[in-house]
Amino acid sequence: MGAAKTPSPSPAAGPRPDSPWAAFARLMDGNKRWVDGKLQHPDRDPKRREFVAEAQDPYGVILSCIDSRVPPELVFDTGLGDLFVMRTGGQVVGPVVVGSVEYGPMTSGTPLIVVLGHQRCGAVKAAYEAMRDGKRLPGNLQAISDALRPAYRETTRGKHTDPVDAMVRIHTKQTAAELRTNRDLAPLVKKGDLAVVSAYYSLDTGRVEVLTGAPSA
């Protein structure tokens, strides 16, 4: 994956954020540009490509869904070497995914993790309907459904106008909470070196809504 190295600042992006709040603010500023259609496309030139070819030092980790309409680098208007990105169906996790999320914070001090759920998630909808109807999904899709069962159970305890959307939000918050309190990441969170944020992306507006864990300045 490459050793850590301080990236060359670009005019658009500025120096690498070195705290959870600074990293969070950088991401949210980028999302505002995405929503407003005022993209800067930072860190996407040949000089940046050449610089990060030998090493990397991303300032954020994004765990999101595989949905083609939710590309984190675009949603947050970031560039090459800025983010570690993991994408799974319904942003579900397992040991390999958790290890991938841990890589940046544990090896190079990446100060921010964002678990990003999204509107009209097909994986969550399929899992919700399968569990509601007592059916199994085909092939390894069932593993995604199994991972979403805790969120389904919490969803069914309440009354929701849109239970699938509620389940997306519940699952996203549950996943962030599990990462925030896991054995290896919790000490970094306690020291203030790492923040784990749960967030929700609107397909309609492009806006990222923070659910839990936003760091303070």
# chains A, B, ... in the order shown; residues from 1 in each chain; ligands from 1
$ select_by_dssp --residues "range 23-52 of chain A" --states "alpha helix (DSSP H)" --output "CSV table (one decimal) with N, CA and C atoms, in the first residue's frame"
chain,number,residue,atom,x,y,z
A,23,ALA,N,-9.7,17.4,8.9
A,23,ALA,CA,-10.0,16.4,7.9
A,23,ALA,C,-11.5,16.5,7.6
A,24,PHE,N,-12.3,16.5,8.6
A,24,PHE,CA,-13.8,16.6,8.5
A,24,PHE,C,-14.2,17.8,7.8
A,25,ALA,N,-13.6,19.0,8.1
A,25,ALA,CA,-14.0,20.2,7.5
A,25,ALA,C,-13.6,20.2,6.0
A,26,ARG,N,-12.5,19.6,5.7
A,26,ARG,CA,-12.0,19.5,4.3
A,26,ARG,C,-13.0,18.7,3.5
A,27,LEU,N,-13.5,17.6,4.0
A,27,LEU,CA,-14.4,16.7,3.3
A,27,LEU,C,-15.8,17.5,3.1
A,28,MET,N,-16.3,18.1,4.2
A,28,MET,CA,-17.5,18.8,4.1
A,28,MET,C,-17.5,20.0,3.2
A,29,ASP,N,-16.4,20.7,3.1
A,29,ASP,CA,-16.2,21.8,2.2
A,29,ASP,C,-16.3,21.2,0.7
A,30,GLY,N,-15.6,20.1,0.6
A,30,GLY,CA,-15.7,19.4,-0.8
A,30,GLY,C,-17.1,19.0,-1.1
A,31,ASN,N,-17.8,18.5,-0.2
A,31,ASN,CA,-19.2,18.1,-0.5
A,31,ASN,C,-20.1,19.3,-0.8
A,32,LYS,N,-19.8,20.4,-0.2
A,32,LYS,CA,-20.6,21.6,-0.5
A,32,LYS,C,-20.3,22.1,-1.9
A,33,ARG,N,-19.1,21.9,-2.3
A,33,ARG,CA,-18.7,22.3,-3.7
A,33,ARG,C,-19.5,21.3,-4.7
A,34,TRP,N,-19.5,20.1,-4.3
A,34,TRP,CA,-20.3,19.1,-5.1
A,34,TRP,C,-21.7,19.4,-5.3
A,35,VAL,N,-22.4,19.8,-4.1
A,35,VAL,CA,-23.8,20.2,-4.2
A,35,VAL,C,-24.0,21.4,-5.0
A,36,ASP,N,-23.1,22.4,-4.8
A,36,ASP,CA,-23.2,23.7,-5.5
A,36,ASP,C,-22.8,23.7,-7.0
A,46,PRO,N,-0.8,15.9,-13.1
A,46,PRO,CA,0.4,14.9,-13.3
A,46,PRO,C,1.4,15.1,-12.1
A,47,LYS,N,1.6,16.3,-11.6
A,47,LYS,CA,2.6,16.4,-10.5
A,47,LYS,C,2.1,15.7,-9.3
A,48,ARG,N,0.9,15.7,-9.0
A,48,ARG,CA,0.3,15.0,-7.9
A,48,ARG,C,0.5,13.5,-8.1
A,49,ARG,N,0.2,13.0,-9.3
A,49,ARG,CA,0.3,11.6,-9.6
A,49,ARG,C,1.8,11.1,-9.4
A,50,GLU,N,2.7,11.9,-9.9
A,50,GLU,CA,4.1,11.6,-9.7
A,50,GLU,C,4.5,11.6,-8.3
A,51,PHE,N,4.0,12.5,-7.5
A,51,PHE,CA,4.4,12.6,-6.1
A,51,PHE,C,4.0,11.4,-5.3
A,52,VAL,N,2.7,11.0,-5.5
A,52,VAL,CA,2.1,9.9,-4.6
A,52,VAL,C,2.5,8.6,-5.2
$ select_by_dssp --residues "range 89-156 of chain A" --states "strand (DSSP E)" --output "ChimeraX atom specification"
/A:112-118
$ atom_distance --atom1 "CA of Ala151 in chain A" --atom2 "CA of Gly134 in chain A"
15.8 Å
$ closest_residue --among "A:Pro58, A:Gly213, A:Pro15, A:Pro163" --to "Gly109 in chain A" --atoms "only C-alpha atoms"
A:Pro58
$ atom_distance --atom1 "CA of Tyr59 in chain A" --atom2 "CA of Arg44 in chain A"
15.7 Å
$ residues_around --residues "Asp162 in chain A" --least-positions-apart "5" --cutoff "12 Å" --atoms "only C-alpha atoms" --output "list in words"
Gln119, Arg120, Lys125, Tyr128, Thr155, Thr156, Met167, Val168 and Arg169 of chain A
$ atom_distance --atom1 "CA of Arg69 in chain A" --atom2 "CA of Glu209 in chain A"
16.2 Å
$ residues_around --residues "Cys65 in chain A" --least-positions-apart "5" --cutoff "7 Å" --atoms "only C-alpha atoms" --output "ChimeraX atom specification"
/A:87-91,117
